[in-house]
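Here the structure is laid out as structure tokens; the discussion comes afterwards.
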Amino acid sequence: MTQPHPGPGTPAADDPLSRTPLDDLRTQVTAHLGEAARVWFALALNEAAARPGSHGPISAWELRLAEAGRRCGTDHADAVRVLILHAAHAGPDALTRVYRQGTAAERRAVLHALPHLVAGPDALPLVEDALRTNDTRLVAAAVGPYAARHLDAHNWRHAVLKCLFTGVPVDAVADLHHRALADTELARMLDDYAAERTAAGRPVPEDLHRVLALTAPEAKES
């Protein structure tokens with residue numbers, strides 16, 4: 001098994017977009033935007049809240065998602081897109097449409113928005129699709145709080161392995177400590193992966209040992 005190297009977009013260990021209250025996120029983003037970007041952002045949120053008509057098969061607010069990087073800069077585009085999705089009250093159907101038709105950046109924003117917008121498991125196919133990719137930023141967005149709430153044990157374990165395989169820091173996995181606690185099947189999978197790496201003369205990721213320690217029956221929650 002060949003382990004891909006993380007690309008230049010390798011995510012930070014703890015991405016706040018899925019975990020920060022949206023009012024706080026909007027305040028933080030607005031404070032860092034220039035005047036022109038702030039005006040565009042406010043208009044985009046108002047337009048999304050009003051949900052005006054469509055331009056062909058795409059709603060007007062969906063077009064703003066594509067503009068976010070150019071208008072607000074790449075450092076803030078993910079947060080801006082999440083806030084636009086929330087302002088539009090995008091449900092599973094709209095989120096699925098944006099995800100299927102959008103760029104990698106727009107797909108990432110959809111994944112970050114899921115815990116804010118979808119209460120049940122309806123959007124799990126989007127998480128599962130992202131976990132089939134080797135895009136490290138998509139994988140990291142997919143293992144946030146929504147996956148922690150709704151992925152079943154089998155698929156969640158494979159999501160953890162996917163992080164190790166692609167080099168996504170396991171700190172990106174929401175609720176890792178709780179879900180890995182005393183999970184003997186996850187421990188077996190980790191041992192098998194470590195043995196495979198060792199037999200191939202490859203290093204075992206340090207994060208693997210961290211997760212393996214959590215699976216011990218005597219592990220205690222901090």
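Residues are referred to by chain and number: the chain letter is A, B, ... according to the order shown in the structure tokens, the number counts from 1 in that chain, and ligands are numbered separately from 1 in the order shown.
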
Any chance you could list, as a ChimeraX atom specification, the residues in stretch 154-195 of chain A that come up alpha helix (DSSP H) when DSSP is run on the backbone?
/A:154-166,176-180,184-195

Test item: residues at most 9 Å from A:Gly73, only C-alpha atoms, excluding those fewer than 5 positions along its chain, as a list in words:
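Listing them by chain and then by number gives Leu33, Ala37 and Ala68 of chain A.
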
Generate a file of the selected residues that holds all heavy atoms, formatted as a PDB file, in the first residue's frame.
ATOM      1  N   LEU A  33     -11.839  41.500   6.958  1.00  0.00           N
ATOM      2  CA  LEU A  33     -12.071  41.845   5.558  1.00  0.00           C
ATOM      3  C   LEU A  33     -11.843  43.333   5.319  1.00  0.00           C
ATOM      4  O   LEU A  33     -12.115  44.164   6.191  1.00  0.00           O
ATOM      5  CB  LEU A  33     -13.505  41.487   5.158  1.00  0.00           C
ATOM      6  CG  LEU A  33     -13.881  40.008   5.143  1.00  0.00           C
ATOM      7  CD1 LEU A  33     -15.348  39.848   4.767  1.00  0.00           C
ATOM      8  CD2 LEU A  33     -12.992  39.207   4.202  1.00  0.00           C
ATOM      9  N   ALA A  37     -14.629  44.120   0.472  1.00  0.00           N
ATOM     10  CA  ALA A  37     -15.027  42.740   0.765  1.00  0.00           C
ATOM     11  C   ALA A  37     -16.157  42.703   1.787  1.00  0.00           C
ATOM     12  O   ALA A  37     -17.078  41.887   1.676  1.00  0.00           O
ATOM     13  CB  ALA A  37     -13.824  41.942   1.271  1.00  0.00           C
ATOM     14  N   ALA A  68     -16.531  33.831  -3.723  1.00  0.00           N
ATOM     15  CA  ALA A  68     -16.041  34.167  -2.386  1.00  0.00           C
ATOM     16  C   ALA A  68     -14.522  34.315  -2.331  1.00  0.00           C
ATOM     17  O   ALA A  68     -14.003  35.226  -1.678  1.00  0.00           O
ATOM     18  CB  ALA A  68     -16.500  33.116  -1.376  1.00  0.00           C
TER      19      ALA A  68
END

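Note that the spacing between atom CA of A:Ala66 and atom CA of A:Glu106 amounts to 7.3 Å.
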
Name the residues in contact with A:Thr96 at a cut-off of 10 Å, using only C-alpha atoms, excluding same-chain residues fewer than 5 positions from it; report them as a ChimeraX atom specification.
/A:90-91,101-102,107,110,122-123,125-126

Between atom CA of A:Ile84 and atom CA of A:Glu62, what is the distance in Å, rounded to a tenth?
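Interatomic distance, atom CA of A:Ile84 to atom CA of A:Glu62: 8.6 Å.
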
Between atom CA of A:Arg26 and atom CA of A:Trp40, distance in Å (one decimal):
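One can read the atom CA of A:Arg26 to atom CA of A:Trp40 distance as 13.6 Å.
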
Of the candidates A:Asn155, A:Thr27, A:Thr20, A:Thr215, which one gets nearest to A:Leu181 if we count only C-alpha atoms?
A:Thr215

Can you pull out the residues contacting stretch 208-210 of chain A? Cut-off 9 Å, using only C-alpha atoms, and skip same-chain residues under 2 positions away; I want them as a VMD selection string.
chain A and resid 161 164 170 190 to 191 193 to 194 204 to 206 212 to 214

Name the residues in contact with A:Pro115 at a cut-off of 8 Å, using only C-alpha atoms, excluding same-chain residues fewer than 4 positions from it; report them as a tab-separated table (two decimals) with C-alpha atoms, in the first residue's frame.
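Once written, around26.tsv looks like this:
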chain	number	residue	atom	x	y	z
A	18	SER	CA	-17.42	23.39	12.03
A	119	ALA	CA	-29.70	17.75	12.18
A	145	PRO	CA	-18.66	17.08	14.18
A	146	TYR	CA	-21.24	15.91	11.63

Looking only at strand (DSSP E) from DSSP on the backbone, list the matching residues of stretch 47-167 of chain A as a PyMOL selection string.
chain A and resi 54-55+58-59

Output of the above residues as a compact mmCIF listing (two decimals), in the first residue's frame, restricted to N, CA and C atoms:
# COMPACT_ATOMS: atom_id res chain seq x y z
N SER A 54 -33.56 32.19 -9.47
CA SER A 54 -32.43 31.42 -10.00
C SER A 54 -31.90 32.03 -11.29
N HIS A 55 -30.64 31.73 -11.56
CA HIS A 55 -30.04 32.01 -12.85
C HIS A 55 -29.88 30.65 -13.52
N ILE A 58 -29.14 27.39 -11.18
CA ILE A 58 -28.39 27.77 -9.99
C ILE A 58 -29.04 28.99 -9.35
N SER A 59 -29.26 28.92 -8.03
CA SER A 59 -29.80 30.06 -7.30
C SER A 59 -28.78 31.19 -7.26
